[in-house]
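Enquirer: Below you'll find the structure I mean.
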Amino acid sequence: MIKNDLFLKALKGETVERPPVWMMRQAGRYLPDFMKLKEKYDFFTRCQTPELATEITVMPIKQVGTDAAILFSDILVVPQAMGIEIEMKPGVGPWLPTPIRTSAQVDNIVVPNVYEELGYVYEAIKMTKQELNNEVPLIGFAGSPWTILCYLIQGQGSKNFDKAKEFCFTNPVAAHMLLQKITDTTIAYLKGKVEVGVDAVQLFDSWGGMLSPVDYQEFSWQYMQQIIDALKEQIPVIAFGKGCWFALKEMSQSGASALGVDWTCSAANARYLSGGNITLQGNFDPSRLFSPPKEIKKMVHQMINEFGKDKYIVNLGHGILPNIPVENAKAFVEAVKEYQPR
Ligand SMILES: Cc1c2[nH]c(c1CCC(=O)O)Cc1[nH]c(c(CCC(=O)O)c1C)Cc1[nH]c(c(CCC(=O)O)c1C)Cc1[nH]c(c(C)c1CCC(=O)O)C2
């Protein structure tokens, strides 16, 4: 039994005294202790060393006081396991020496044995569960197939992922083959995470909002739905699509336990579009953590009043920014703990 079960209760839609809070990318660069480890070990070494991944995962629990932990890892470990070379270049971010640009390259990509290729993730989960000692739940995650495809084809981050979209629209057969291979790998990968003890999983569709509503259904949502279908009987699934407010209706009917929303969609609109019955998660503008702590607290209380304290998980609308003062992140979390229902 998990001692702080607010997050799990909110995922089940149960009544809570206050909503739970965690932050996307909470295990990251705004924490001084994280930066010390970053100086010593490169990014994928931190991901691949269970002791380091565990240490980083529990940092925000101890130092900021969030109600759930999310495993320190990356969405790109999945395509790495599929045999694709991916580097994390300082100052650039994800970088592929050989981006995928042809059908022949897609043909050659394998659906791996996840237990062999991603055993280090499962070790990190087991170690983290021990370290957390049932204080708070642990979230496992994966990228959506579309968001992973964006990096594989573009070859690096992008403002519009133009090359990824060009590939999908000029070579849809290969694009769908690639999306299906990522989907199959992701399902096996997440089932493995469930087996070693994660308490919930989140799918990050960070670049879903790059697509039109019609293209979103074709190139992203149908694969998200396959993953949700494969997992929903075993574990609560959170579907987060940045910029995907237009799909909230389909998402609400998918069997996901909760839906993530970003700050461009108001609480009232998100409730309306998702049918009013499903748990929502979000949606504080990450840049608003630059405001003074007093103002942050006021805005957080207002946000909870707008979403309602039940069927709600307080979070940011996307990952925390690297240069946010730790004090401000703490104020965000404290505000939720101090919340008094109206
Ligand atoms: C698109 C995406 C990626 N990775 C992820 C996403 C989806 C979420 C989102 O959109 O924010 C997911 C992710 N990446 C990381 C986590 C860890 C858990 C957490 O704290 O939430 C999670 C959940 C650690 C990380 N992943 C990364 C860092 C920072 C780099 C470092 O620590 O050296 C962290 C803490 C690197 C990374 N990895 C990726 C990017 C774009 C970057 C940033 C590159 C840069 O700006 O330097 C791909």
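Simple scheme: letters A, B, ... for chains in structure tokens order, numbers from 1 for residues in each chain, numbers from 1 for ligands in the order shown.
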Run DSSP on the backbone and grab whatever in range 140-313 of chain A lands in helix (DSSP H, G or I); send it over as a PDB file with C-alpha atoms, in the first residue's frame.
Expert:
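Below is the file result-v2.pdb, written as the result:
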```
ATOM      1  CA  PRO A 145       4.788   7.008 -31.433  1.00  0.00           C
ATOM      2  CA  TRP A 146       4.185  10.285 -33.310  1.00  0.00           C
ATOM      3  CA  THR A 147       6.423  12.328 -30.984  1.00  0.00           C
ATOM      4  CA  ILE A 148       9.194   9.738 -31.274  1.00  0.00           C
ATOM      5  CA  LEU A 149       8.816   9.664 -35.081  1.00  0.00           C
ATOM      6  CA  CYS A 150       9.263  13.459 -35.069  1.00  0.00           C
ATOM      7  CA  TYR A 151      12.799  13.103 -33.671  1.00  0.00           C
ATOM      8  CA  LEU A 152      13.707  10.048 -35.782  1.00  0.00           C
ATOM      9  CA  ILE A 153      12.935  11.802 -39.063  1.00  0.00           C
ATOM     10  CA  GLN A 154      13.775  15.403 -38.221  1.00  0.00           C
ATOM     11  CA  ASP A 162       8.672  20.097 -41.087  1.00  0.00           C
ATOM     12  CA  LYS A 163      10.803  17.177 -42.301  1.00  0.00           C
ATOM     13  CA  ALA A 164       8.835  14.706 -40.164  1.00  0.00           C
ATOM     14  CA  LYS A 165       5.553  15.975 -41.593  1.00  0.00           C
ATOM     15  CA  GLU A 166       6.917  15.971 -45.144  1.00  0.00           C
ATOM     16  CA  PHE A 167       7.921  12.314 -44.734  1.00  0.00           C
ATOM     17  CA  CYS A 168       4.468  11.345 -43.420  1.00  0.00           C
ATOM     18  CA  PHE A 169       2.627  13.130 -46.222  1.00  0.00           C
ATOM     19  CA  THR A 170       4.884  11.955 -49.075  1.00  0.00           C
ATOM     20  CA  PRO A 172       2.543   7.460 -45.603  1.00  0.00           C
ATOM     21  CA  VAL A 173       3.090   3.706 -46.015  1.00  0.00           C
ATOM     22  CA  ALA A 174       6.587   3.884 -44.543  1.00  0.00           C
ATOM     23  CA  ALA A 175       5.442   6.365 -41.902  1.00  0.00           C
ATOM     24  CA  HIS A 176       2.712   4.003 -40.712  1.00  0.00           C
ATOM     25  CA  MET A 177       5.127   1.070 -40.709  1.00  0.00           C
ATOM     26  CA  LEU A 178       7.483   3.077 -38.500  1.00  0.00           C
ATOM     27  CA  LEU A 179       4.666   4.217 -36.188  1.00  0.00           C
ATOM     28  CA  GLN A 180       3.476   0.606 -35.816  1.00  0.00           C
ATOM     29  CA  LYS A 181       6.980  -0.637 -34.964  1.00  0.00           C
ATOM     30  CA  ILE A 182       7.323   2.078 -32.309  1.00  0.00           C
ATOM     31  CA  THR A 183       3.849   1.217 -30.989  1.00  0.00           C
ATOM     32  CA  ASP A 184       4.636  -2.512 -30.687  1.00  0.00           C
ATOM     33  CA  THR A 185       7.915  -1.773 -28.901  1.00  0.00           C
ATOM     34  CA  THR A 186       6.233   0.738 -26.575  1.00  0.00           C
ATOM     35  CA  ILE A 187       3.477  -1.696 -25.565  1.00  0.00           C
ATOM     36  CA  ALA A 188       6.040  -4.378 -24.650  1.00  0.00           C
ATOM     37  CA  TYR A 189       8.214  -1.777 -22.891  1.00  0.00           C
ATOM     38  CA  LEU A 190       5.358  -0.430 -20.755  1.00  0.00           C
ATOM     39  CA  LYS A 191       4.055  -3.915 -19.899  1.00  0.00           C
ATOM     40  CA  GLY A 192       7.544  -4.640 -18.600  1.00  0.00           C
ATOM     41  CA  LYS A 193       7.360  -1.493 -16.454  1.00  0.00           C
ATOM     42  CA  VAL A 194       4.046  -2.632 -15.001  1.00  0.00           C
ATOM     43  CA  GLU A 195       5.577  -6.019 -14.145  1.00  0.00           C
ATOM     44  CA  GLY A 208       0.748  16.066 -31.319  1.00  0.00           C
ATOM     45  CA  GLY A 209      -0.342  19.694 -31.569  1.00  0.00           C
ATOM     46  CA  MET A 210       1.823  20.099 -34.690  1.00  0.00           C
ATOM     47  CA  PRO A 213      -7.133  17.498 -36.113  1.00  0.00           C
ATOM     48  CA  VAL A 214      -7.608  15.095 -39.066  1.00  0.00           C
ATOM     49  CA  ASP A 215      -3.903  14.269 -39.375  1.00  0.00           C
ATOM     50  CA  TYR A 216      -3.712  13.869 -35.607  1.00  0.00           C
ATOM     51  CA  GLN A 217      -6.182  10.985 -35.788  1.00  0.00           C
ATOM     52  CA  GLU A 218      -4.219   9.318 -38.583  1.00  0.00           C
ATOM     53  CA  PHE A 219      -0.636   9.792 -37.442  1.00  0.00           C
ATOM     54  CA  SER A 220      -0.876  10.020 -33.667  1.00  0.00           C
ATOM     55  CA  TRP A 221      -4.098   9.163 -31.909  1.00  0.00           C
ATOM     56  CA  GLN A 222      -4.764   5.713 -33.397  1.00  0.00           C
ATOM     57  CA  TYR A 223      -1.372   4.563 -32.070  1.00  0.00           C
ATOM     58  CA  MET A 224      -1.928   6.171 -28.652  1.00  0.00           C
ATOM     59  CA  GLN A 225      -5.256   4.296 -28.541  1.00  0.00           C
ATOM     60  CA  GLN A 226      -3.527   0.969 -29.278  1.00  0.00           C
ATOM     61  CA  ILE A 227      -1.166   1.545 -26.364  1.00  0.00           C
ATOM     62  CA  ILE A 228      -4.004   2.547 -24.018  1.00  0.00           C
ATOM     63  CA  ASP A 229      -6.023  -0.527 -25.069  1.00  0.00           C
ATOM     64  CA  ALA A 230      -3.071  -2.792 -24.305  1.00  0.00           C
ATOM     65  CA  LEU A 231      -2.514  -1.322 -20.822  1.00  0.00           C
ATOM     66  CA  TRP A 245      -7.276  20.196 -26.949  1.00  0.00           C
ATOM     67  CA  PHE A 246      -9.135  19.450 -30.200  1.00  0.00           C
ATOM     68  CA  ALA A 247      -8.855  15.715 -29.479  1.00  0.00           C
ATOM     69  CA  LEU A 248     -10.034  15.788 -25.852  1.00  0.00           C
ATOM     70  CA  LYS A 249     -13.376  14.211 -26.775  1.00  0.00           C
ATOM     71  CA  GLU A 250     -11.835  11.092 -28.377  1.00  0.00           C
ATOM     72  CA  MET A 251      -9.261  10.964 -25.604  1.00  0.00           C
ATOM     73  CA  SER A 252     -11.986  11.011 -22.939  1.00  0.00           C
ATOM     74  CA  ALA A 267     -10.131  24.609 -17.311  1.00  0.00           C
ATOM     75  CA  ALA A 268     -13.739  25.235 -18.348  1.00  0.00           C
ATOM     76  CA  ASN A 269     -13.016  24.385 -21.988  1.00  0.00           C
ATOM     77  CA  ALA A 270     -11.035  21.275 -21.040  1.00  0.00           C
ATOM     78  CA  ARG A 271     -13.882  20.056 -18.807  1.00  0.00           C
ATOM     79  CA  TYR A 272     -16.419  20.794 -21.550  1.00  0.00           C
ATOM     80  CA  LEU A 273     -14.447  19.115 -24.344  1.00  0.00           C
ATOM     81  CA  PRO A 286       5.724  26.644 -17.028  1.00  0.00           C
ATOM     82  CA  SER A 287       6.944  30.234 -17.558  1.00  0.00           C
ATOM     83  CA  ARG A 288       4.565  31.412 -14.809  1.00  0.00           C
ATOM     84  CA  LEU A 289       6.937  29.770 -12.319  1.00  0.00           C
ATOM     85  CA  PHE A 290       9.086  32.871 -12.885  1.00  0.00           C
ATOM     86  CA  PRO A 293       6.113  32.822  -5.008  1.00  0.00           C
ATOM     87  CA  LYS A 294       3.204  34.809  -3.578  1.00  0.00           C
ATOM     88  CA  GLU A 295       1.716  35.304  -7.012  1.00  0.00           C
ATOM     89  CA  ILE A 296       2.337  31.655  -7.949  1.00  0.00           C
ATOM     90  CA  LYS A 297       0.335  30.555  -4.909  1.00  0.00           C
ATOM     91  CA  LYS A 298      -2.581  32.808  -5.778  1.00  0.00           C
ATOM     92  CA  MET A 299      -2.653  31.546  -9.363  1.00  0.00           C
ATOM     93  CA  VAL A 300      -2.464  27.905  -8.242  1.00  0.00           C
ATOM     94  CA  HIS A 301      -5.435  28.341  -5.892  1.00  0.00           C
ATOM     95  CA  GLN A 302      -7.390  29.963  -8.695  1.00  0.00           C
ATOM     96  CA  MET A 303      -6.460  27.100 -11.038  1.00  0.00           C
ATOM     97  CA  ILE A 304      -7.717  24.499  -8.536  1.00  0.00           C
ATOM     98  CA  ASN A 305     -10.964  26.404  -8.106  1.00  0.00           C
ATOM     99  CA  GLU A 306     -11.411  26.437 -11.882  1.00  0.00           C
ATOM    100  CA  PHE A 307     -10.721  22.718 -12.405  1.00  0.00           C
TER     101      PHE A 307
END
```
Enquirer: Taking only C-alpha atoms and all ligand atoms and a cut-off of 8 Å, can you tell me which residues surround ligand 1, written as a PyMOL selection string?
Expert: chain A and resi 23-29+34-35+38+42-43+57+70-76+88-94+141-143+147-148+157+204-207+242+318-320
Enquirer: Kindly indicate which residue among A:Val237, A:Ala256, A:Leu8, A:Val121 lies nearest to Pro137 in chain A, using only C-alpha atoms for the distances.
Expert: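 Counting only C-alpha atoms, the residue closest to Pro137 in chain A is A:Leu8.
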Enquirer: Check the smallest atom-to-atom distance from each of A:Asp67, A:Glu51, A:Glu17, A:Asp107 to Ala124 in chain A using only C-alpha atoms, then report the winner.
Expert: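 Answer, going by the shortest atom-to-atom distance: A:Glu51.
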Enquirer: Name all residues at most 10 Å from Leu138 in chain A (count only C-alpha atoms; drop same-chain ones fewer than 5 positions away) and give them as an MDAnalysis selection string.
Expert: chainID A and resid 2 7 57:58 67:71 125 128:129 132 197:201
Enquirer: According to DSSP computed on the backbone, where in range 133-265 of chain A is there strand (DSSP E)? Give the residues as a list in words.
Expert: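 So, restricting range 133-265 of chain A to strand (DSSP E), we get Leu138, Ile139, Gly140, Phe141, Ala142, Gly143, Ala200, Val201, Gln202, Leu203, Phe204, Asp205, Val237, Ile238, Ala239, Phe240, Gly241, Ala258, Leu259 and Gly260 of chain A.
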Enquirer: Report, in Å with one decimal, the straight-line distance from CA of Gly275 in chain A to CA of Phe332 in chain A.
Expert: 27.7 Å
Enquirer: Just how far from CA of Val78 in chain A is CA of Pro50 in chain A, in Å to one decimal?
Expert: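 Between CA of Pro50 in chain A and CA of Val78 in chain A the gap works out to 16.5 Å.
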Enquirer: What does the distance between CA of Pro325 in chain A and CA of Pro20 in chain A come to in Å, to one decimal place?
Expert: 21.5 Å
Enquirer: Between A:Leu52, A:Ala104, A:Lys62, A:Leu11, which is the closest to Lys36 in chain A once you count only C-alpha atoms?
Expert: A:Leu52
Enquirer: Which is closest to Arg18 in chain A among A:Asn4, A:Thr45, A:Thr102, A:Asn133, if we use only C-alpha atoms?
Expert: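 Nearest to Arg18 in chain A: A:Asn4.
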